[in-house]
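Working notes for the structure below.
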Amino acid sequence: MKYSPHEYQRYATEYIETHPVAAVLLSMGLGKTSITLTALNDLLFDRFEIHKAIVIAPLRVARDTWPAEIEKWDHLGSLIYSVAVGTEAERRAALRRQADIYIINRENVEWLVKHYAGRKLPFDMLVIDELSSFKNSRAKRFLALKKVLKQFARVVGLTGTPAPNGLEDLWPQIYLLDRGARLGRTMRSYLDLYFDTPNSWTPYRRELKPGAEEAIYRRIGDICVSM
């Protein structure tokens, strides 16, 4: 099928291509996958700025949506992909295949990092689909990915709901993009800077300090495109 992107899709694709760190915050149905695949295709074959990309996504999205989108659009015909889901043997075989884009489900992020333990990952671009599923800074998949972030020259995060339960959720997601450059190196420093605990007997209930919301948006505005 011929790809005829809307103007905002063209803009978001160009944004990814011109920003080594990018958060694409678009609602469901606005084409985040096709936008990102078009950028990957350009970066691989037109700009020659990357060699291999790894996409982390929810299981069904990794197994079905990303391959379907690659197969759907004519302009992506040169893209070779490999889906690393299923049993460990199937995942290992998928990673051994020669491809431009490797797609893995988020539940296997910890396994992926261990698989390449002691070796450099063979990917120079990371795409995290449903970035908001990495909102827990203590989760194993966040901690595993954190260890290898510096190996990626480019990182893209995709989500329609970056802060589903409030701006406290934002720090882990932005950290995976910029390694703490904008919202601080630790969750504690982020909370201390932008949040108050109004009642000492409810230490886990926090409120934004005056002006904090605007300050947070200013800090991350240079890497975010939203609609």
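Residue numbers start at 1 in each chain; chains themselves are named A, B, ... in the order of the structure tokens; ligands are numbered from 1 in the order shown.
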
Let's see if you can do this: from backbone DSSP, list all helix (DSSP H, G or I) residues in range 36-226 of chain A, as a PyMOL selection string.
chain A and resi 36-45+59-72+74-76+88-96+106-115+131-134+140-151+167-178+187-194+212-223

Residues within 7 Å of Ala99 in chain A, please, as an mmCIF file with N, CA, C and O atoms, in the first residue's frame. Count only C-alpha atoms; anything in the same chain fewer than 6 positions from it doesn't count.
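Result saved to around_23.cif:
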data_model
loop_
_atom_site.group_PDB
_atom_site.id
_atom_site.type_symbol
_atom_site.label_atom_id
_atom_site.label_comp_id
_atom_site.auth_asym_id
_atom_site.auth_seq_id
_atom_site.Cartn_x
_atom_site.Cartn_y
_atom_site.Cartn_z
ATOM 1 N N ILE A 80 14.359 -5.362 6.510
ATOM 2 C CA ILE A 80 14.372 -6.756 6.949
ATOM 3 C C ILE A 80 14.221 -6.759 8.459
ATOM 4 O O ILE A 80 14.958 -6.059 9.160
ATOM 5 N N TYR A 81 13.262 -7.514 8.958
ATOM 6 C CA TYR A 81 13.013 -7.525 10.399
ATOM 7 C C TYR A 81 13.066 -8.943 10.939
ATOM 8 O O TYR A 81 12.894 -9.920 10.201
ATOM 9 N N SER A 82 13.302 -9.038 12.235
ATOM 10 C CA SER A 82 13.329 -10.325 12.918
ATOM 11 C C SER A 82 12.642 -10.165 14.261
ATOM 12 O O SER A 82 12.980 -9.250 15.025
#

Could you check the closest approach to Ile220 in chain A for each of A:Ala23, A:Leu44, A:Leu95, A:Ala12 and tell me which residue wins, using only C-alpha atoms?
A:Ala23

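Minimum atom-to-atom distance to Gly29 in chain A, evaluated using only C-alpha atoms, belongs to A:Met227 out of A:Val127, A:Ile216, A:Leu208, A:Met227.
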
Which residue, A:Tyr3, A:Tyr194, A:Phe152, A:Trp73, has the smallest gap to Ala53 in chain A when you use only C-alpha atoms?
A:Phe152

Spatial neighbours of Asp100 in chain A, 12 Å, only C-alpha atoms, chain gap at least 3 places, as a PDB file with N, CA, C and O atoms, in the first residue's frame:
ATOM      1  N   LEU A  37       8.705   3.726  11.783  1.00  0.00           N
ATOM      2  CA  LEU A  37       9.288   2.860  10.757  1.00  0.00           C
ATOM      3  C   LEU A  37       9.790   3.673   9.566  1.00  0.00           C
ATOM      4  O   LEU A  37      10.836   3.358   8.991  1.00  0.00           O
ATOM      5  N   LEU A  40      13.038   5.105  10.674  1.00  0.00           N
ATOM      6  CA  LEU A  40      14.063   4.054  10.693  1.00  0.00           C
ATOM      7  C   LEU A  40      14.531   3.739   9.275  1.00  0.00           C
ATOM      8  O   LEU A  40      15.733   3.581   9.026  1.00  0.00           O
ATOM      9  N   ASN A  41      13.591   3.641   8.360  1.00  0.00           N
ATOM     10  CA  ASN A  41      13.936   3.359   6.969  1.00  0.00           C
ATOM     11  C   ASN A  41      14.854   4.436   6.398  1.00  0.00           C
ATOM     12  O   ASN A  41      15.860   4.146   5.730  1.00  0.00           O
ATOM     13  N   ASP A  42      14.521   5.704   6.683  1.00  0.00           N
ATOM     14  CA  ASP A  42      15.350   6.811   6.196  1.00  0.00           C
ATOM     15  C   ASP A  42      16.728   6.805   6.848  1.00  0.00           C
ATOM     16  O   ASP A  42      17.748   7.024   6.181  1.00  0.00           O
ATOM     17  N   LEU A  43      16.769   6.579   8.153  1.00  0.00           N
ATOM     18  CA  LEU A  43      18.045   6.585   8.868  1.00  0.00           C
ATOM     19  C   LEU A  43      18.946   5.431   8.433  1.00  0.00           C
ATOM     20  O   LEU A  43      20.178   5.560   8.414  1.00  0.00           O
ATOM     21  N   LEU A  44      18.344   4.318   8.053  1.00  0.00           N
ATOM     22  CA  LEU A  44      19.109   3.152   7.605  1.00  0.00           C
ATOM     23  C   LEU A  44      19.610   3.307   6.175  1.00  0.00           C
ATOM     24  O   LEU A  44      20.791   3.062   5.895  1.00  0.00           O
ATOM     25  N   PHE A  45      18.733   3.716   5.268  1.00  0.00           N
ATOM     26  CA  PHE A  45      19.026   3.600   3.844  1.00  0.00           C
ATOM     27  C   PHE A  45      19.245   4.916   3.108  1.00  0.00           C
ATOM     28  O   PHE A  45      19.801   4.918   2.011  1.00  0.00           O
ATOM     29  N   PHE A  48      22.057   6.818   6.319  1.00  0.00           N
ATOM     30  CA  PHE A  48      23.127   5.902   6.745  1.00  0.00           C
ATOM     31  C   PHE A  48      23.668   6.259   8.132  1.00  0.00           C
ATOM     32  O   PHE A  48      24.860   6.184   8.394  1.00  0.00           O
ATOM     33  N   ILE A  50      22.332   4.872  11.053  1.00  0.00           N
ATOM     34  CA  ILE A  50      22.256   3.710  11.947  1.00  0.00           C
ATOM     35  C   ILE A  50      22.463   2.437  11.119  1.00  0.00           C
ATOM     36  O   ILE A  50      22.358   2.458   9.889  1.00  0.00           O
ATOM     37  N   HIS A  51      22.757   1.350  11.829  1.00  0.00           N
ATOM     38  CA  HIS A  51      22.982   0.064  11.157  1.00  0.00           C
ATOM     39  C   HIS A  51      21.951  -0.984  11.570  1.00  0.00           C
ATOM     40  O   HIS A  51      21.486  -1.757  10.741  1.00  0.00           O
ATOM     41  N   LYS A  52      21.602  -1.010  12.845  1.00  0.00           N
ATOM     42  CA  LYS A  52      20.602  -1.955  13.344  1.00  0.00           C
ATOM     43  C   LYS A  52      19.815  -1.290  14.465  1.00  0.00           C
ATOM     44  O   LYS A  52      20.386  -0.557  15.278  1.00  0.00           O
ATOM     45  N   ALA A  53      18.524  -1.584  14.516  1.00  0.00           N
ATOM     46  CA  ALA A  53      17.670  -1.033  15.565  1.00  0.00           C
ATOM     47  C   ALA A  53      17.002  -2.166  16.330  1.00  0.00           C
ATOM     48  O   ALA A  53      16.717  -3.228  15.766  1.00  0.00           O
ATOM     49  N   ILE A  54      16.752  -1.926  17.607  1.00  0.00           N
ATOM     50  CA  ILE A  54      15.991  -2.851  18.428  1.00  0.00           C
ATOM     51  C   ILE A  54      14.716  -2.146  18.885  1.00  0.00           C
ATOM     52  O   ILE A  54      14.774  -1.002  19.360  1.00  0.00           O
ATOM     53  N   VAL A  55      13.584  -2.799  18.694  1.00  0.00           N
ATOM     54  CA  VAL A  55      12.287  -2.273  19.115  1.00  0.00           C
ATOM     55  C   VAL A  55      11.796  -3.119  20.287  1.00  0.00           C
ATOM     56  O   VAL A  55      11.743  -4.344  20.193  1.00  0.00           O
ATOM     57  N   ILE A  70       5.251  -3.169   8.794  1.00  0.00           N
ATOM     58  CA  ILE A  70       6.366  -3.252   7.838  1.00  0.00           C
ATOM     59  C   ILE A  70       5.892  -3.864   6.524  1.00  0.00           C
ATOM     60  O   ILE A  70       6.250  -3.407   5.433  1.00  0.00           O
ATOM     61  N   LEU A  76       8.468   0.611   2.728  1.00  0.00           N
ATOM     62  CA  LEU A  76       9.267  -0.131   3.704  1.00  0.00           C
ATOM     63  C   LEU A  76       9.711  -1.491   3.168  1.00  0.00           C
ATOM     64  O   LEU A  76      10.179  -2.338   3.927  1.00  0.00           O
ATOM     65  N   GLY A  77       9.597  -1.680   1.866  1.00  0.00           N
ATOM     66  CA  GLY A  77       9.887  -2.981   1.275  1.00  0.00           C
ATOM     67  C   GLY A  77      11.312  -3.465   1.448  1.00  0.00           C
ATOM     68  O   GLY A  77      11.578  -4.664   1.366  1.00  0.00           O
ATOM     69  N   SER A  78      12.236  -2.537   1.686  1.00  0.00           N
ATOM     70  CA  SER A  78      13.641  -2.944   1.850  1.00  0.00           C
ATOM     71  C   SER A  78      13.991  -3.330   3.277  1.00  0.00           C
ATOM     72  O   SER A  78      15.072  -3.861   3.529  1.00  0.00           O
ATOM     73  N   LEU A  79      13.094  -3.057   4.206  1.00  0.00           N
ATOM     74  CA  LEU A  79      13.375  -3.350   5.612  1.00  0.00           C
ATOM     75  C   LEU A  79      13.314  -4.848   5.879  1.00  0.00           C
ATOM     76  O   LEU A  79      12.340  -5.514   5.545  1.00  0.00           O
ATOM     77  N   ILE A  80      14.359  -5.362   6.510  1.00  0.00           N
ATOM     78  CA  ILE A  80      14.372  -6.756   6.949  1.00  0.00           C
ATOM     79  C   ILE A  80      14.221  -6.759   8.459  1.00  0.00           C
ATOM     80  O   ILE A  80      14.958  -6.059   9.160  1.00  0.00           O
ATOM     81  N   TYR A  81      13.262  -7.514   8.958  1.00  0.00           N
ATOM     82  CA  TYR A  81      13.013  -7.525  10.399  1.00  0.00           C
ATOM     83  C   TYR A  81      13.066  -8.943  10.939  1.00  0.00           C
ATOM     84  O   TYR A  81      12.894  -9.920  10.201  1.00  0.00           O
ATOM     85  N   SER A  82      13.302  -9.038  12.235  1.00  0.00           N
ATOM     86  CA  SER A  82      13.329 -10.325  12.918  1.00  0.00           C
ATOM     87  C   SER A  82      12.642 -10.165  14.261  1.00  0.00           C
ATOM     88  O   SER A  82      12.980  -9.250  15.025  1.00  0.00           O
ATOM     89  N   VAL A  83      11.679 -11.024  14.552  1.00  0.00           N
ATOM     90  CA  VAL A  83      10.878 -10.925  15.767  1.00  0.00           C
ATOM     91  C   VAL A  83      11.378 -11.932  16.794  1.00  0.00           C
ATOM     92  O   VAL A  83      11.283 -13.143  16.587  1.00  0.00           O
ATOM     93  N   ALA A  94      16.211 -15.792  16.386  1.00  0.00           N
ATOM     94  CA  ALA A  94      15.800 -14.512  15.796  1.00  0.00           C
ATOM     95  C   ALA A  94      16.918 -13.482  15.866  1.00  0.00           C
ATOM     96  O   ALA A  94      17.110 -12.697  14.933  1.00  0.00           O
ATOM     97  N   LEU A  95      17.669 -13.475  16.958  1.00  0.00           N
ATOM     98  CA  LEU A  95      18.760 -12.513  17.106  1.00  0.00           C
ATOM     99  C   LEU A  95      19.959 -12.866  16.220  1.00  0.00           C
ATOM    100  O   LEU A  95      20.756 -11.987  15.880  1.00  0.00           O
ATOM    101  N   ARG A  96      20.062 -14.129  15.834  1.00  0.00           N
ATOM    102  CA  ARG A  96      21.165 -14.531  14.946  1.00  0.00           C
ATOM    103  C   ARG A  96      20.900 -14.177  13.491  1.00  0.00           C
ATOM    104  O   ARG A  96      21.834 -14.097  12.690  1.00  0.00           O
ATOM    105  N   ARG A  97      19.632 -13.980  13.150  1.00  0.00           N
ATOM    106  CA  ARG A  97      19.304 -13.659  11.762  1.00  0.00           C
ATOM    107  C   ARG A  97      19.834 -12.277  11.391  1.00  0.00           C
ATOM    108  O   ARG A  97      19.866 -11.373  12.197  1.00  0.00           O
ATOM    109  N   ILE A 103      12.803  -7.017  16.841  1.00  0.00           N
ATOM    110  CA  ILE A 103      11.642  -6.655  17.652  1.00  0.00           C
ATOM    111  C   ILE A 103      11.497  -7.673  18.774  1.00  0.00           C
ATOM    112  O   ILE A 103      11.480  -8.880  18.522  1.00  0.00           O
ATOM    113  N   PRO A 122      24.524  -5.329  19.513  1.00  0.00           N
ATOM    114  CA  PRO A 122      24.741  -5.048  18.084  1.00  0.00           C
ATOM    115  C   PRO A 122      23.774  -4.013  17.511  1.00  0.00           C
ATOM    116  O   PRO A 122      23.632  -3.907  16.296  1.00  0.00           O
ATOM    117  N   PHE A 123      23.112  -3.258  18.373  1.00  0.00           N
ATOM    118  CA  PHE A 123      22.126  -2.269  17.929  1.00  0.00           C
ATOM    119  C   PHE A 123      22.627  -0.866  18.266  1.00  0.00           C
ATOM    120  O   PHE A 123      23.180  -0.640  19.336  1.00  0.00           O
ATOM    121  N   ASP A 124      22.421   0.073  17.340  1.00  0.00           N
ATOM    122  CA  ASP A 124      22.819   1.447  17.640  1.00  0.00           C
ATOM    123  C   ASP A 124      21.622   2.376  17.786  1.00  0.00           C
ATOM    124  O   ASP A 124      21.781   3.560  18.031  1.00  0.00           O
ATOM    125  N   MET A 125      20.396   1.827  17.671  1.00  0.00           N
ATOM    126  CA  MET A 125      19.197   2.628  17.912  1.00  0.00           C
ATOM    127  C   MET A 125      18.190   1.798  18.688  1.00  0.00           C
ATOM    128  O   MET A 125      17.976   0.618  18.411  1.00  0.00           O
TER     129      MET A 125
END

Which residues are close to range 169-184 of chain A, i.e. within 8 Å by only C-alpha atoms, leaving aside same-chain residues fewer than 3 positions away? Reply as a PyMOL selection string.
chain A and resi 21-23+131-132+134-137+142+145-146+149+155-157+162-166+187+189-190+216+219-220

Serialized selection, C-alpha atoms, as a CSV table (one decimal), in the first residue's frame:
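Output contents, as saved in out_28.csv:
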chain,number,residue,atom,x,y,z
A,21,VAL,CA,16.7,11.6,21.6
A,22,ALA,CA,13.0,11.8,20.9
A,23,ALA,CA,9.7,11.2,22.8
A,131,LEU,CA,7.3,4.0,27.0
A,132,SER,CA,4.8,4.4,29.9
A,134,PHE,CA,8.6,1.6,32.0
A,135,LYS,CA,7.3,4.0,34.6
A,136,ASN,CA,8.5,1.9,37.5
A,137,SER,CA,12.2,2.7,38.3
A,142,PHE,CA,13.9,-0.7,33.7
A,145,LEU,CA,17.8,-1.4,30.2
A,146,LYS,CA,19.4,1.3,32.3
A,149,LEU,CA,21.6,2.8,27.5
A,155,VAL,CA,16.7,6.5,21.5
A,156,VAL,CA,13.0,7.0,20.7
A,157,GLY,CA,10.1,6.5,23.1
A,162,PRO,CA,3.3,9.5,29.3
A,163,ALA,CA,2.0,10.2,32.8
A,164,PRO,CA,-1.2,8.1,33.3
A,165,ASN,CA,-1.1,8.5,37.1
A,166,GLY,CA,0.6,11.9,37.4
A,187,MET,CA,14.1,9.4,41.1
A,189,SER,CA,16.3,14.0,43.3
A,190,TYR,CA,13.4,14.4,40.8
A,216,ILE,CA,9.0,19.9,34.1
A,219,ARG,CA,12.9,20.7,30.9
A,220,ILE,CA,11.7,18.0,28.5

I'd like to know which of A:Arg154, A:Arg91, A:His75, A:Arg119 is closest to Arg63 in chain A, using only C-alpha atoms.
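Using only C-alpha atoms, Arg63 in chain A sits closest to A:Arg91.
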
Considering only C-alpha atoms, state which residue in the set A:Glu168, A:Glu90, A:Asp192, A:Glu7 is at the smallest distance from Glu213 in chain A.
A:Glu168

From a backbone DSSP assignment, name each residue in range 74-143 of chain A labelled strand (DSSP E or B), as a PyMOL selection string.
chain A and resi 81-84+101-105+125-129

Report, in Å to a single decimal, how far apart CA of Ala212 in chain A and CA of Tyr8 in chain A are.
28.8 Å

Computed interatomic separation between CA of Asp196 in chain A and CA of Leu158 in chain A (Å)
28.9 Å

Long-range neighbours of range 108-118 of chain A as a compact mmCIF listing (two decimals) with C-alpha atoms, in the first residue's frame, 8 Å cut-off, only C-alpha atoms, 4 positions minimum in chain:
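Saved to out.txt:
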# COMPACT_ATOMS: atom_id res chain seq x y z
CA ILE A 56 10.87 -3.13 22.55
CA ILE A 104 11.32 -8.08 21.16
CA LYS A 140 13.70 -5.42 36.51
CA ARG A 141 13.18 -4.39 32.90
CA ALA A 144 18.27 -4.00 32.91
CA LEU A 145 17.77 -1.42 30.16
CA VAL A 148 23.03 -0.58 28.43

Of the residues A:Ala39, A:Leu167, A:Leu121, A:Ala57, which is the one nearest to Glu14 in chain A, using only C-alpha atoms?
A:Ala39
